[in-house]
file entry-v4.txt (compact mmCIF, C-alpha atoms)
# COMPACT_ATOMS: atom_id res chain seq x y z
CA MET N 26 -12.90 1.48 -19.63
CA GLU N 27 -10.99 -0.95 -17.43
CA ASN N 28 -11.54 -0.44 -13.71
CA ILE N 29 -8.66 0.99 -11.68
CA SER N 30 -8.23 -2.08 -9.46
CA ASN N 31 -7.68 -4.39 -12.44
CA LEU N 32 -5.47 -1.88 -14.25
CA ILE N 33 -3.16 -1.39 -11.28
CA ALA N 34 -3.09 -5.15 -10.63
CA LYS N 35 -1.94 -5.74 -14.22
CA ASP N 36 0.66 -2.98 -13.88
CA LEU N 37 2.12 -4.36 -10.65
CA LEU N 38 2.29 -7.89 -12.05
CA LYS N 39 3.86 -6.71 -15.32
CA ILE N 40 6.82 -5.06 -13.59
CA LYS N 41 6.98 -7.73 -10.84
CA ALA N 42 6.26 -5.21 -8.11
CA VAL N 43 3.92 -7.97 -6.94
CA PHE N 44 5.30 -11.39 -7.79
CA PHE N 45 3.61 -14.70 -6.96
CA ARG N 46 5.67 -17.85 -6.46
CA PRO N 47 3.46 -20.42 -4.71
CA GLU N 48 5.69 -23.33 -5.74
CA GLU N 49 8.84 -21.74 -4.28
CA PRO N 50 7.70 -19.59 -1.34
CA PHE N 51 9.69 -16.62 -0.14
CA THR N 52 10.71 -16.54 3.53
CA TRP N 53 9.91 -13.41 5.51
CA ALA N 54 12.20 -12.10 8.25
CA SER N 55 9.73 -13.60 10.74
CA GLY N 56 10.31 -17.03 9.21
CA ILE N 57 6.83 -17.21 7.69
CA LYS N 58 6.69 -18.72 4.22
CA SER N 59 4.97 -16.48 1.70
CA PRO N 60 3.85 -17.10 -1.90
CA VAL N 61 4.03 -13.40 -2.68
CA TYR N 62 6.77 -10.80 -2.95
CA CYS N 63 5.79 -7.13 -2.99
CA ASP N 64 8.01 -4.14 -3.77
CA ASN N 65 5.94 -1.19 -4.96
CA ARG N 66 9.09 0.95 -5.14
CA LEU N 67 9.54 -0.63 -8.56
CA THR N 68 6.64 1.52 -9.79
CA LEU N 69 8.92 4.55 -9.54
CA THR N 70 11.32 3.16 -12.15
CA ALA N 71 8.57 2.20 -14.62
CA PRO N 72 7.25 5.52 -16.00
CA GLU N 73 4.03 4.19 -17.57
CA VAL N 74 3.08 2.29 -14.44
CA ARG N 75 4.12 5.21 -12.25
CA ASN N 76 1.81 7.43 -14.29
CA ASP N 77 -1.11 5.05 -13.79
CA VAL N 78 -0.44 4.78 -10.05
CA GLU N 79 -0.04 8.49 -9.31
CA ASN N 80 -3.05 9.52 -11.40
CA ALA N 81 -5.11 6.80 -9.71
CA LEU N 82 -3.99 8.03 -6.27
CA ALA N 83 -4.97 11.58 -7.21
CA GLU N 84 -8.34 10.43 -8.55
CA THR N 85 -8.97 8.39 -5.41
CA ILE N 86 -8.14 11.29 -3.10
CA ARG N 87 -10.41 13.64 -5.05
CA ARG N 88 -13.25 11.13 -4.84
CA GLU N 89 -12.83 9.80 -1.28
CA TYR N 90 -11.27 12.81 0.48
CA PRO N 91 -12.42 15.92 -1.40
CA ASP N 92 -11.56 18.17 1.55
CA ALA N 93 -7.88 17.12 1.65
CA GLU N 94 -5.52 20.05 2.27
CA VAL N 95 -2.18 18.27 2.77
CA LEU N 96 -0.72 14.90 1.74
CA MET N 97 1.66 13.14 4.12
CA GLY N 98 3.77 10.23 2.94
CA THR N 99 4.90 7.36 5.12
CA SER N 100 8.63 6.96 5.50
CA THR N 101 10.15 5.87 3.28
CA ALA N 102 8.03 4.13 0.65
CA GLY N 103 5.17 6.63 0.63
CA ILE N 104 7.28 9.78 0.27
CA ALA N 105 7.74 9.76 -3.51
CA HIS N 106 4.10 8.85 -4.13
CA ALA N 107 2.90 11.67 -1.86
CA ALA N 108 5.21 14.13 -3.63
CA ILE N 109 4.14 13.17 -7.16
CA THR N 110 0.45 12.97 -6.27
CA GLY N 111 0.68 16.29 -4.44
CA HIS N 112 2.21 17.83 -7.57
CA ILE N 113 -0.62 16.48 -9.74
CA MET N 114 -3.23 17.83 -7.34
CA GLY N 115 -1.52 21.12 -6.53
CA LEU N 116 -1.45 20.20 -2.82
CA PRO N 117 1.34 20.61 -0.27
CA MET N 118 3.02 17.44 0.96
CA GLY N 119 5.31 16.29 3.68
CA TYR N 120 6.20 13.04 5.34
CA VAL N 121 6.38 11.39 8.74
CA ARG N 122 9.60 9.83 9.95
CA SER N 123 9.63 6.55 11.85
CA GLY N 124 11.08 8.51 14.78
CA ASN N 125 12.32 11.99 15.66
CA LYS N 126 15.57 13.19 14.12
CA ASP N 127 18.45 13.14 16.58
CA HIS N 128 19.70 16.55 15.42
CA GLY N 129 18.51 19.99 14.30
CA ARG N 130 14.88 20.62 15.19
CA GLN N 131 14.37 16.92 15.95
CA ASN N 132 11.34 16.80 13.67
CA GLN N 133 9.31 13.67 13.13
CA ILE N 134 6.94 15.42 10.74
CA GLU N 135 8.77 16.96 7.78
CA GLY N 136 7.05 19.78 5.93
CA ARG N 137 4.70 22.48 7.16
CA LEU N 138 1.62 21.23 8.99
CA GLU N 139 -0.81 23.53 10.77
CA LYS N 140 -3.13 22.38 13.53
CA GLY N 141 -6.56 21.53 12.20
CA GLN N 142 -5.41 20.90 8.63
CA LYS N 143 -7.12 18.03 6.84
CA VAL N 144 -4.55 15.39 5.94
CA VAL N 145 -4.51 12.28 3.77
CA VAL N 146 -1.73 9.75 4.41
CA VAL N 147 -0.14 8.17 1.33
CA GLU N 148 1.20 4.62 1.79
CA ASP N 149 2.47 2.06 -0.70
CA LEU N 150 1.40 -1.16 1.02
CA ILE N 151 -0.92 -2.20 3.84
CA SER N 152 -0.37 -5.56 5.50
CA THR N 153 -0.98 -5.65 9.26
CA GLY N 154 -1.56 -1.88 9.37
CA GLY N 155 0.82 -1.17 12.24
CA SER N 156 3.18 1.28 10.55
CA VAL N 157 0.50 3.42 8.91
CA ILE N 158 -1.47 3.65 12.16
CA GLU N 159 1.67 4.95 13.89
CA VAL N 160 1.90 7.68 11.23
CA VAL N 161 -1.76 8.58 11.72
CA ASN N 162 -1.25 8.80 15.50
CA VAL N 163 1.76 11.14 15.09
CA LEU N 164 -0.29 13.42 12.84
CA ARG N 165 -3.27 13.39 15.18
CA GLU N 166 -1.02 14.25 18.13
CA ALA N 167 0.28 17.20 16.10
CA GLY N 168 -3.29 18.49 15.78
CA ALA N 169 -4.03 17.38 12.22
CA GLU N 170 -7.41 16.06 11.16
CA VAL N 171 -6.53 12.81 9.40
CA LEU N 172 -9.23 12.10 6.83
CA GLY N 173 -7.79 8.69 6.00
CA VAL N 174 -5.22 6.76 4.02
CA VAL N 175 -4.68 5.96 0.35
CA SER N 176 -2.43 3.05 -0.58
CA ILE N 177 -1.39 1.26 -3.73
CA PHE N 178 -1.99 -2.29 -2.53
CA THR N 179 -3.47 -4.07 0.47
CA TYR N 180 -3.28 -7.70 1.49
CA GLY N 181 -6.64 -7.43 3.23
CA MET N 182 -5.30 -9.41 6.21
CA GLN N 183 -7.82 -9.59 9.04
CA LYS N 184 -5.30 -8.31 11.56
CA GLY N 185 -4.79 -5.21 9.45
CA LEU N 186 -8.51 -4.66 8.93
CA ASP N 187 -9.16 -5.01 12.67
CA ARG N 188 -6.33 -2.64 13.60
CA LEU N 189 -7.49 0.04 11.17
CA ALA N 190 -11.06 -0.23 12.42
CA ALA N 191 -9.98 -0.03 16.07
CA ALA N 192 -7.90 3.08 15.32
CA ASP N 193 -10.80 4.62 13.33
CA VAL N 194 -8.63 4.85 10.20
CA LYS N 195 -10.17 4.65 6.75
CA ASN N 196 -7.99 3.14 4.03
CA ILE N 197 -8.70 3.07 0.30
CA SER N 198 -6.33 0.95 -1.79
CA LEU N 199 -5.98 1.10 -5.56
CA THR N 200 -5.96 -2.68 -5.73
CA ASN N 201 -5.94 -5.66 -3.37
CA PHE N 202 -4.67 -9.19 -2.90
CA ASP N 203 -7.81 -10.91 -4.19
CA THR N 204 -7.89 -8.84 -7.38
CA ILE N 205 -4.20 -9.37 -8.10
CA ALA N 206 -4.52 -13.12 -7.51
CA GLN N 207 -7.43 -13.33 -9.96
CA VAL N 208 -5.67 -11.18 -12.56
CA ALA N 209 -2.49 -13.25 -12.14
CA ALA N 210 -4.48 -16.39 -12.98
CA ASP N 211 -6.27 -14.71 -15.88
CA GLU N 212 -2.95 -13.48 -17.32
CA ASN N 213 -1.24 -16.88 -16.79
CA TYR N 214 1.25 -15.75 -14.16
CA ILE N 215 -0.10 -18.53 -11.93
CA LYS N 216 -2.42 -21.53 -12.37
CA PRO N 217 -6.14 -20.96 -11.62
CA GLU N 218 -5.99 -23.56 -8.85
CA ASP N 219 -3.32 -21.48 -7.11
CA ILE N 220 -5.87 -18.78 -6.21
CA ALA N 221 -7.28 -20.82 -3.33
CA ARG N 222 -3.75 -21.40 -1.98
CA LEU N 223 -2.98 -17.69 -2.12
CA ILE N 224 -6.20 -16.75 -0.35
CA ALA N 225 -5.52 -19.40 2.31
CA PHE N 226 -2.14 -17.78 2.94
CA ARG N 227 -3.68 -14.31 3.13
CA ASN N 228 -6.33 -15.49 5.58
CA ASN N 229 -3.79 -17.11 7.93
CA PRO N 230 -0.13 -16.41 7.08
CA SER N 231 1.17 -18.50 9.98
CA ASP N 232 -0.59 -21.66 8.71
CA GLU N 233 1.66 -23.19 6.05
CA SER N 234 -0.77 -25.91 5.00
CA TRP N 235 -1.43 -23.97 1.77
CA ILE N 236 2.05 -25.00 0.57
CA LYS N 237 1.04 -28.65 0.26
CA ARG N 238 -2.27 -28.07 -1.51
call {"tool": "encode", "arguments": {"input": "entry-v4.txt", "output": "structure tokens"}}
result
Amino acid sequence: MENISNLIAKDLLKIKAVFFRPEEPFTWASGIKSPVYCDNRLTLTAPEVRNDVENALAETIRREYPDAEVLMGTSTAGIAHAAITGHIMGLPMGYVRSGNKDHGRQNQIEGRLEKGQKVVVVEDLISTGGSVIEVVNVLREAGAEVLGVVSIFTYGMQKGLDRLAAADVKNISLTNFDTIAQVAADENYIKPEDIARLIAFRNNPSDESWIKR
């Protein structure tokens, strides 16, 4: 049986949720040139891939966080994945807003959450880790015991790894940048020699020397 990391990598490449273009880099809002485009929301509109992703998230939570009592999605990309995975597992779910509502009860956490409940955060993508750590901090301040995070894809950037470690946050991703780069080469989405360029970008996104390799 194919391992989950390779399967999800193939799925994301097939629907262009992760799309490599080392010869014509994308430009991020920060101005950094990137050989990769990532939009895991596309998994929601591809039923077969969505099925693979949600079942893999459920399997991962059962294996890594067997004591999970509640799933909390990140806003907005993690909400649908938390809802579908929660349905598969028979667990309650909610989500954490980026800030408090400016009306009603002014909630930041949506859904019922009791102090002491064991929570797993569901995220679609981990890059520098900042946004998911903010979600974890909100949940911790509300009295939840955050067991960790599950995500669909991680870049494995050192800044993100360091931030997660400093915040004592465990993350398990279904697949990662290195695996997707290798699968992309194996499946002829990119040339084998492009792998080194992609890894160079991942290791230091602000250094654009990989473009000229």
call {"tool": "atom_distance", "arguments": {"input": "entry-v4.txt", "atom1": "CA of Val78 (chain N)", "atom2": "CA of Gln142 (chain N)"}}
result
25.2 Å
call {"tool": "closest_atom_pairs", "arguments": {"input": "entry-v4.txt", "of": "region 75-143 of chain N", "to": "region 177-194 of chain N", "cutoff": "10 Å", "atoms": "all atoms listed in the file", "output": "Markdown table"}}
result
| residue | atom | partner | partner_atom | distance |
| --- | --- | --- | --- | --- |
| N:Val78 | CA | N:Ile177 | CA | 7.3 |
| N:Glu79 | CA | N:Ile177 | CA | 9.2 |
| N:Ala81 | CA | N:Ile177 | CA | 9.0 |
| N:Leu82 | CA | N:Ile177 | CA | 7.7 |
| N:Gly103 | CA | N:Ile177 | CA | 9.5 |
| N:His106 | CA | N:Ile177 | CA | 9.4 |
call {"tool": "atom_distance", "arguments": {"input": "entry-v4.txt", "atom1": "CA of Val146 (chain N)", "atom2": "CA of Pro60 (chain N)"}}
result
28.1 Å
call {"tool": "closest_residue", "arguments": {"input": "entry-v4.txt", "among": "N:Tyr214, N:Phe45, N:Tyr62, N:Tyr120", "to": "Leu150 (chain N)", "atoms": "only C-alpha atoms"}}
result
N:Tyr62
call {"tool": "residues_around", "arguments": {"input": "entry-v4.txt", "residues": "Leu164 (chain N)", "least_positions_apart": "6", "cutoff": "12 Å", "atoms": "all atoms listed in the file", "output": "VMD selection string"}}
result
chain N and resid 95 to 99 119 to 122 133 to 146 157 to 158 170 to 173
call {"tool": "residues_around", "arguments": {"input": "entry-v4.txt", "residues": "Asp211 (chain N)", "least_positions_apart": "4", "cutoff": "12 Å", "atoms": "all atoms listed in the file", "output": "PyMOL selection string"}}
result
chain N and resi 31+34-35+38+204-207+215-220
call {"tool": "closest_residue", "arguments": {"input": "entry-v4.txt", "among": "N:Thr153, N:Asn76, N:Thr200, N:Ser234", "to": "Thr110 (chain N)", "atoms": "all atoms listed in the file"}}
result
N:Asn76
call {"tool": "residues_around", "arguments": {"input": "entry-v4.txt", "residues": "Trp53 (chain N)", "least_positions_apart": "4", "cutoff": "12 Å", "atoms": "all atoms listed in the file", "output": "list in words"}}
result
Ile57, Lys58, Ser59, Pro60, Val61, Tyr62, Cys63, Pro230 and Ser231 of chain N
call {"tool": "atom_distance", "arguments": {"input": "entry-v4.txt", "atom1": "CA of Ile224 (chain N)", "atom2": "CA of Glu48 (chain N)"}}
result
14.6 Å
call {"tool": "closest_residue", "arguments": {"input": "entry-v4.txt", "among": "N:Ser123, N:Lys41, N:Glu94, N:Gly115", "to": "Val163 (chain N)", "atoms": "all atoms listed in the file"}}
result
N:Ser123
call {"tool": "closest_residue", "arguments": {"input": "entry-v4.txt", "among": "N:Gly168, N:Pro72, N:Gly111, N:Pro47", "to": "Ala93 (chain N)", "atoms": "only C-alpha atoms"}}
result
N:Gly111
call {"tool": "closest_residue", "arguments": {"input": "entry-v4.txt", "among": "N:Asp36, N:Ala71, N:Ala108, N:Pro50", "to": "Arg222 (chain N)", "atoms": "only C-alpha atoms"}}
result
N:Pro50
